[in-house]
Amino acid sequence: MTDYSPVIQKGPATVAEERRERAVLVGVDRPGLEWPLDSSLAELERLADTAGADTVAVTTQKLDAPNPRTFVGTGKAEEIADLARAHEADLVIFDDELTPSQQANLEKVMDKSVKVIDRTALILDIFALHATSKEGRLQVRLAQNQYLYPRLRGMWAHLASNRMGGGVGSRFGEGESQLEVDRRMVRKRITTIRRELAHLADVRSLQRESRYGSGMFKVALAGYTNAGKSSLLNRLTGSDVLSYDKLFATLDSTTRKFELPEGREVTATDTVGFIQKLPTTLVEAFKSTLDEITGADLILHVIDASSPEFESQADAVHDVLDQIGAHSIATLDVFNKCDLLDEDMLAGLRRRYPHALFVSARTGQGTEALIDALSQAASASDEKLTVLVPYQRGDLVSLAHERCHLVSEEHRADGTLMQMLAAPAFASAFAPFVVEDEA
């Protein structure tokens, strides 16, 4: 199992820096690809770099359909092995997900020192490096074991092939028994992790219900990986959430509270970034984290305006939002990194997307317009109230300041007269003290 250790174990981030591996990237150009192959391979190179590997060669093949045995053609597989040998590569990374049998057959063609992995294994490896919270690490381990389980047979094929002779007694060799042991072990591990995640999900659900019960307006930041969600959260809330110019720098959702100009408090949640060909096992494993999006009142879809593939990236985000049932939630498109565009490019985007907002989390450009849009969204369902609150109900005065949009306030002999815009969740608390509008 040592050949799979980068995929199934979490190692310290420093390992990738101490000794960077050399990788050969492989892509297949097929009819109907949603992304241009060059762009997909460029992203794969960035993924490899994030995981700690340097790309030493890139090779492609045009096929109508993948070869069921080796994904690429047999001759191409031999060519890839020669390429890896010539560049002294440590691993070969395929841009598409390989079946267990395809991976096993490709490994037979390569030198024993060369690992063969696919895009899914690479993403899992990056997630393993970046997961910090207990829930994040468990989610990654669950996805890793779900990926590993169908590949166990190929990992013990070398033992099965070393059996002596045939006939009676040879049908239950060491490889077969070890395979069954490992399968039981992985099944047990998956069950245990799911049990732990269910417990953590209950805890998260209680925390979420507490926030939802507060009646505060909830904003979730969603978007393609490295679109700048964490940087935008930091800009809006003045917090210091980890933000790097790397793919999947953020895995664990982070919620911060901040105050709108009218005094109303709202919450903003940063979530894990999406990517094209996001493994379905990861969507399932990170479901409790992604629930932060489905429980939001508004989704800020953060788009990297500087990326030439921003439209395809946006489509990939929409696909995942559909998968998790968030397609019906109000969404506001926010183009980030606009400081990297020239005036003509920015003007063109504004014409194409008249309802979107254009910001730069790095410079602060456009954030005032974004905050105004958040204020409008938060107050869209507000009720206009005029209330006279007795002085002994100071808690309601505090509630008006913290959770509502306070228009005016006047201290009178019999209490505090306030005109406000209040969300339905809070309006009922002020109902006993409503008076006729004196305006």
# chains A, B, ... in the order shown; residues from 1 in each chain; ligands from 1
>>> closest_atom_pairs(of="segment 27-105 of chain A", to="segment 260-283 of chain A", cutoff="12 Å", atoms="only C-alpha atoms", output="tab-separated table")
residue	atom	partner	partner_atom	distance
A:Leu33	CA	A:Lys277	CA	11.5
A:Glu34	CA	A:Gln276	CA	9.5
A:Trp35	CA	A:Gln276	CA	8.8
A:Pro36	CA	A:Gln276	CA	11.9
A:Ser39	CA	A:Gln276	CA	11.1
A:Ser40	CA	A:Gln276	CA	8.6
A:Leu41	CA	A:Gln276	CA	11.7
A:Glu43	CA	A:Gln276	CA	9.5
A:Leu44	CA	A:Gln276	CA	10.4
A:Leu47	CA	A:Ile275	CA	10.6
A:Asp95	CA	A:Lys277	CA	9.4
A:Asp96	CA	A:Lys277	CA	8.0
A:Glu97	CA	A:Pro279	CA	8.7
A:Leu98	CA	A:Pro279	CA	11.9
>>> residues_around(residues="Leu332 of chain A", least_positions_apart="5", cutoff="9 Å", atoms="only C-alpha atoms", output="mmCIF file with N, CA, C and O atoms, in the first residue's frame")
data_model
loop_
_atom_site.group_PDB
_atom_site.id
_atom_site.type_symbol
_atom_site.label_atom_id
_atom_site.label_comp_id
_atom_site.auth_asym_id
_atom_site.auth_seq_id
_atom_site.Cartn_x
_atom_site.Cartn_y
_atom_site.Cartn_z
ATOM 1 N N LEU A 298 -28.903 34.622 1.378
ATOM 2 C CA LEU A 298 -28.348 35.153 0.139
ATOM 3 C C LEU A 298 -27.004 34.488 -0.115
ATOM 4 O O LEU A 298 -26.192 34.338 0.804
ATOM 5 N N ILE A 299 -26.762 34.089 -1.363
ATOM 6 C CA ILE A 299 -25.472 33.531 -1.763
ATOM 7 C C ILE A 299 -24.714 34.581 -2.564
ATOM 8 O O ILE A 299 -25.250 35.110 -3.552
ATOM 9 N N LEU A 300 -23.505 34.904 -2.142
ATOM 10 C CA LEU A 300 -22.619 35.724 -2.947
ATOM 11 C C LEU A 300 -21.781 34.781 -3.801
ATOM 12 O O LEU A 300 -20.925 34.070 -3.271
ATOM 13 N N HIS A 301 -22.045 34.752 -5.081
ATOM 14 C CA HIS A 301 -21.268 33.907 -5.990
ATOM 15 C C HIS A 301 -20.046 34.704 -6.414
ATOM 16 O O HIS A 301 -20.134 35.598 -7.269
ATOM 17 N N VAL A 302 -18.900 34.395 -5.811
ATOM 18 C CA VAL A 302 -17.671 35.142 -6.068
ATOM 19 C C VAL A 302 -16.991 34.555 -7.305
ATOM 20 O O VAL A 302 -16.704 33.355 -7.355
ATOM 21 N N HIS A 355 -26.371 43.225 -13.819
ATOM 22 C CA HIS A 355 -26.895 43.045 -12.461
ATOM 23 C C HIS A 355 -25.817 42.554 -11.481
ATOM 24 O O HIS A 355 -26.106 42.338 -10.305
ATOM 25 N N ALA A 356 -24.615 42.347 -11.965
ATOM 26 C CA ALA A 356 -23.518 41.871 -11.099
ATOM 27 C C ALA A 356 -22.806 43.051 -10.444
ATOM 28 O O ALA A 356 -22.990 44.212 -10.832
ATOM 29 N N LEU A 357 -21.991 42.736 -9.445
ATOM 30 C CA LEU A 357 -21.156 43.737 -8.778
ATOM 31 C C LEU A 357 -19.701 43.441 -9.097
ATOM 32 O O LEU A 357 -19.324 42.276 -9.318
ATOM 33 N N ALA A 373 -25.652 46.724 -1.537
ATOM 34 C CA ALA A 373 -26.495 45.638 -2.055
ATOM 35 C C ALA A 373 -26.892 44.676 -0.941
ATOM 36 O O ALA A 373 -28.036 44.192 -0.898
#
>>> closest_residue(among="A:Lys229, A:Arg362, A:Pro432, A:Gly136", to="Leu385 of chain A", atoms="only C-alpha atoms")
A:Pro432
>>> closest_residue(among="A:Leu152, A:Val92, A:Pro308, A:Ile293", to="Ala42 of chain A", atoms="only C-alpha atoms")
A:Pro308
>>> atom_distance(atom1="atom CA of Leu406 of chain A", atom2="atom CA of Lys218 of chain A")
19.2 Å
